[in-house]
>>> print(open('query.txt').read())   # compact mmCIF, C-alpha atoms and all ligand atoms
# COMPACT_ATOMS: atom_id res chain seq x y z
CA MET A 115 -31.28 -68.54 0.56
CA GLU A 116 -30.25 -66.02 3.15
CA ILE A 117 -32.70 -63.23 3.94
CA PRO A 118 -30.97 -59.85 4.20
CA ARG A 119 -31.34 -58.09 7.55
CA TRP A 120 -33.15 -55.11 6.07
CA ALA A 121 -35.71 -57.45 4.47
CA ALA A 122 -36.51 -58.91 7.88
CA ARG A 123 -37.01 -55.38 9.21
CA VAL A 124 -39.27 -54.52 6.27
CA THR A 125 -41.33 -57.65 6.90
CA ALA A 126 -41.72 -56.71 10.57
CA ALA A 127 -42.79 -53.20 9.59
CA VAL A 128 -45.35 -54.61 7.17
CA VAL A 129 -46.76 -56.88 9.88
CA VAL A 130 -47.07 -53.98 12.33
CA GLY A 131 -48.53 -51.71 9.65
CA GLY A 132 -50.96 -54.41 8.59
CA ALA A 133 -52.22 -54.86 12.14
CA LEU A 134 -52.83 -51.12 12.43
CA ILE A 135 -54.69 -51.05 9.13
CA ILE A 136 -56.83 -54.03 10.11
CA ARG A 137 -57.72 -52.34 13.42
CA ARG A 138 -58.62 -49.15 11.59
CA ALA A 139 -60.75 -51.11 9.11
CA LEU A 140 -62.60 -52.77 11.98
CA GLN A 141 -63.23 -49.37 13.57
CA ASP A 142 -64.47 -48.05 10.24
CA ALA A 143 -66.78 -51.01 9.81
CA ALA A 144 -68.16 -50.55 13.33
CA SER A 145 -68.77 -46.82 12.88
CA ARG A 146 -70.56 -47.04 9.54
CA SER A 147 -72.60 -50.20 10.07
CA ASP A 148 -75.76 -48.28 10.95
CA THR A 149 -75.67 -45.73 8.18
CA GLU A 150 -74.24 -47.52 5.14
CA GLY A 151 -74.89 -50.81 3.42
CA SER A 152 -72.18 -53.20 2.36
CA GLY A 153 -71.93 -51.93 -1.21
CA PRO A 154 -68.77 -51.85 -3.28
CA ARG A 155 -66.05 -49.51 -2.04
CA LYS A 156 -62.90 -48.16 -3.60
CA GLN A 157 -59.63 -49.62 -2.44
CA THR A 158 -56.10 -48.82 -3.55
CA PHE A 159 -54.04 -51.69 -4.90
CA TRP A 160 -50.33 -51.54 -5.66
CA HIS A 161 -48.67 -53.17 -8.64
CA TRP A 162 -45.30 -53.15 -10.34
CA ARG A 163 -44.27 -53.39 -13.97
CA CYS A 164 -40.84 -53.73 -15.48
CA GLU A 165 -39.32 -52.54 -18.74
CA CYS A 166 -38.62 -56.19 -19.58
CA GLY A 167 -42.37 -56.88 -19.75
CA ALA A 168 -42.70 -58.61 -16.39
CA HIS A 169 -45.37 -57.36 -14.02
CA SER A 170 -47.00 -58.17 -10.71
CA ARG A 171 -49.69 -60.79 -10.47
CA GLY A 172 -52.75 -59.23 -8.91
CA GLY A 173 -52.68 -56.14 -6.74
CA ASP A 174 -51.34 -55.64 -3.26
CA PRO A 175 -53.07 -53.45 -0.66
CA PHE A 176 -49.70 -52.41 0.77
CA LYS A 177 -47.27 -50.29 -1.22
CA SER A 178 -44.34 -51.70 0.75
CA ASP A 179 -45.25 -55.23 -0.41
CA ALA A 180 -45.39 -54.19 -4.07
CA GLU A 181 -42.06 -52.37 -3.71
CA TYR A 182 -40.50 -55.42 -2.11
CA ASN A 183 -41.79 -57.72 -4.86
CA ALA A 184 -40.48 -55.29 -7.48
CA GLN A 185 -37.11 -55.28 -5.72
CA ARG A 186 -37.08 -59.09 -5.67
CA HIS A 187 -37.76 -59.19 -9.42
CA GLN A 188 -34.73 -56.98 -9.97
CA TRP A 189 -32.59 -59.19 -7.69
CA ARG A 190 -33.54 -62.31 -9.62
CA LYS A 191 -32.21 -60.76 -12.84
CA GLU A 192 -28.67 -60.00 -13.90
CA LYS A 193 -26.82 -56.95 -12.60
CA GLY A 194 -28.00 -53.72 -14.19
CA HIS A 195 -31.59 -54.89 -14.64
CA PRO A 196 -33.90 -51.89 -14.29
CA MET A 197 -35.95 -51.38 -11.12
CA PRO A 198 -39.63 -51.96 -11.93
CA GLU A 199 -42.08 -49.09 -11.67
CA VAL A 200 -44.52 -49.30 -8.75
CA TYR A 201 -47.95 -47.83 -9.38
CA SER A 202 -51.39 -47.91 -7.80
CA THR A 203 -54.92 -48.47 -9.03
CA GLU A 204 -58.31 -47.84 -7.44
CA GLU A 205 -60.57 -50.87 -7.60
CA GLU A 206 -64.05 -51.50 -6.34
CA VAL A 207 -64.21 -54.22 -3.74
CA GLU A 208 -67.16 -55.85 -1.96
CA TRP A 209 -67.06 -55.52 1.82
ZN ZN A 301 -37.57 -56.89 -15.47
>>> encode(input="query.txt", output="structure tokens")
Amino acid sequence: MEIPRWAARVTAAVVVGGALIIRRALQDAASRSDTEGSGPRKQTFWHWRCECGAHSRGGDPFKSDAEYNAQRHQWRKEKGHPMPEVYSTEEEVEW
């Protein structure tokens, strides 16, 4: 299967964005290590759900990933299939 050019660009953007987020998370962890414990924290996860009943498996920390997966679901279906809705949830995660 051929990967469209724009998809390659999106993937590159996600990689760059992910690196920035990881660096920021490391900085956050370093700055709060003295004052806070490692209790549960809220994190945003992105999901998608489609009118046909299909939905994402698990959450994604990056909205662009959820949007891409939603787009791929639409591509796999026949022409005219609706674009799934992308939405976010806040979930507690252990650090
Ligand atoms: Zn669908």
>>> closest_atom_pairs(input="query.txt", of="chain A", to="ligand ZN 301 (chain A)", cutoff="12 Å", atoms="only C-alpha atoms and all ligand atoms", output="tab-separated table")
residue	atom	partner	partner_atom	distance
A:Trp162	CA	A:ZN301	ZN	10.0
A:Arg163	CA	A:ZN301	ZN	7.7
A:Cys164	CA	A:ZN301	ZN	4.5
A:Glu165	CA	A:ZN301	ZN	5.7
A:Cys166	CA	A:ZN301	ZN	4.3
A:Gly167	CA	A:ZN301	ZN	6.4
A:Ala168	CA	A:ZN301	ZN	5.5
A:His169	CA	A:ZN301	ZN	7.9
A:Ser170	CA	A:ZN301	ZN	10.6
A:Asn183	CA	A:ZN301	ZN	11.4
A:Ala184	CA	A:ZN301	ZN	8.7
A:Gln185	CA	A:ZN301	ZN	9.9
A:Arg186	CA	A:ZN301	ZN	10.1
A:His187	CA	A:ZN301	ZN	6.5
A:Gln188	CA	A:ZN301	ZN	6.2
A:Trp189	CA	A:ZN301	ZN	9.5
A:Arg190	CA	A:ZN301	ZN	8.9
A:Lys191	CA	A:ZN301	ZN	7.1
A:Glu192	CA	A:ZN301	ZN	9.6
A:Lys193	CA	A:ZN301	ZN	11.1
A:Gly194	CA	A:ZN301	ZN	10.2
A:His195	CA	A:ZN301	ZN	6.4
A:Pro196	CA	A:ZN301	ZN	6.3
A:Met197	CA	A:ZN301	ZN	7.2
A:Pro198	CA	A:ZN301	ZN	6.4
A:Glu199	CA	A:ZN301	ZN	9.8
>>> write_last_selection(input="query.txt", atoms="C-alpha atoms", output="compact mmCIF listing (two decimals), keeping the file's coordinate frame")
# COMPACT_ATOMS: atom_id res chain seq x y z
CA TRP A 162 -45.30 -53.15 -10.34
CA ARG A 163 -44.27 -53.39 -13.97
CA CYS A 164 -40.84 -53.73 -15.48
CA GLU A 165 -39.32 -52.54 -18.74
CA CYS A 166 -38.62 -56.19 -19.58
CA GLY A 167 -42.37 -56.88 -19.75
CA ALA A 168 -42.70 -58.61 -16.39
CA HIS A 169 -45.37 -57.36 -14.02
CA SER A 170 -47.00 -58.17 -10.71
CA ASN A 183 -41.79 -57.72 -4.86
CA ALA A 184 -40.48 -55.29 -7.48
CA GLN A 185 -37.11 -55.28 -5.72
CA ARG A 186 -37.08 -59.09 -5.67
CA HIS A 187 -37.76 -59.19 -9.42
CA GLN A 188 -34.73 -56.98 -9.97
CA TRP A 189 -32.59 -59.19 -7.69
CA ARG A 190 -33.54 -62.31 -9.62
CA LYS A 191 -32.21 -60.76 -12.84
CA GLU A 192 -28.67 -60.00 -13.90
CA LYS A 193 -26.82 -56.95 -12.60
CA GLY A 194 -28.00 -53.72 -14.19
CA HIS A 195 -31.59 -54.89 -14.64
CA PRO A 196 -33.90 -51.89 -14.29
CA MET A 197 -35.95 -51.38 -11.12
CA PRO A 198 -39.63 -51.96 -11.93
CA GLU A 199 -42.08 -49.09 -11.67
>>> atom_distance(input="query.txt", atom1="atom CA of A:Tyr201", atom2="atom CA of A:Glu116")
28.3 Å
>>> closest_residue(input="query.txt", among="A:Tyr182, A:Trp209, A:Val200, A:Ala122", to="A:Trp160", atoms="only C-alpha atoms")
A:Val200
>>> atom_distance(input="query.txt", atom1="atom CA of A:Arg119", atom2="atom CA of A:His161")
24.2 Å
>>> atom_distance(input="query.txt", atom1="atom CA of A:Ser202", atom2="atom CA of A:Lys177")
8.1 Å
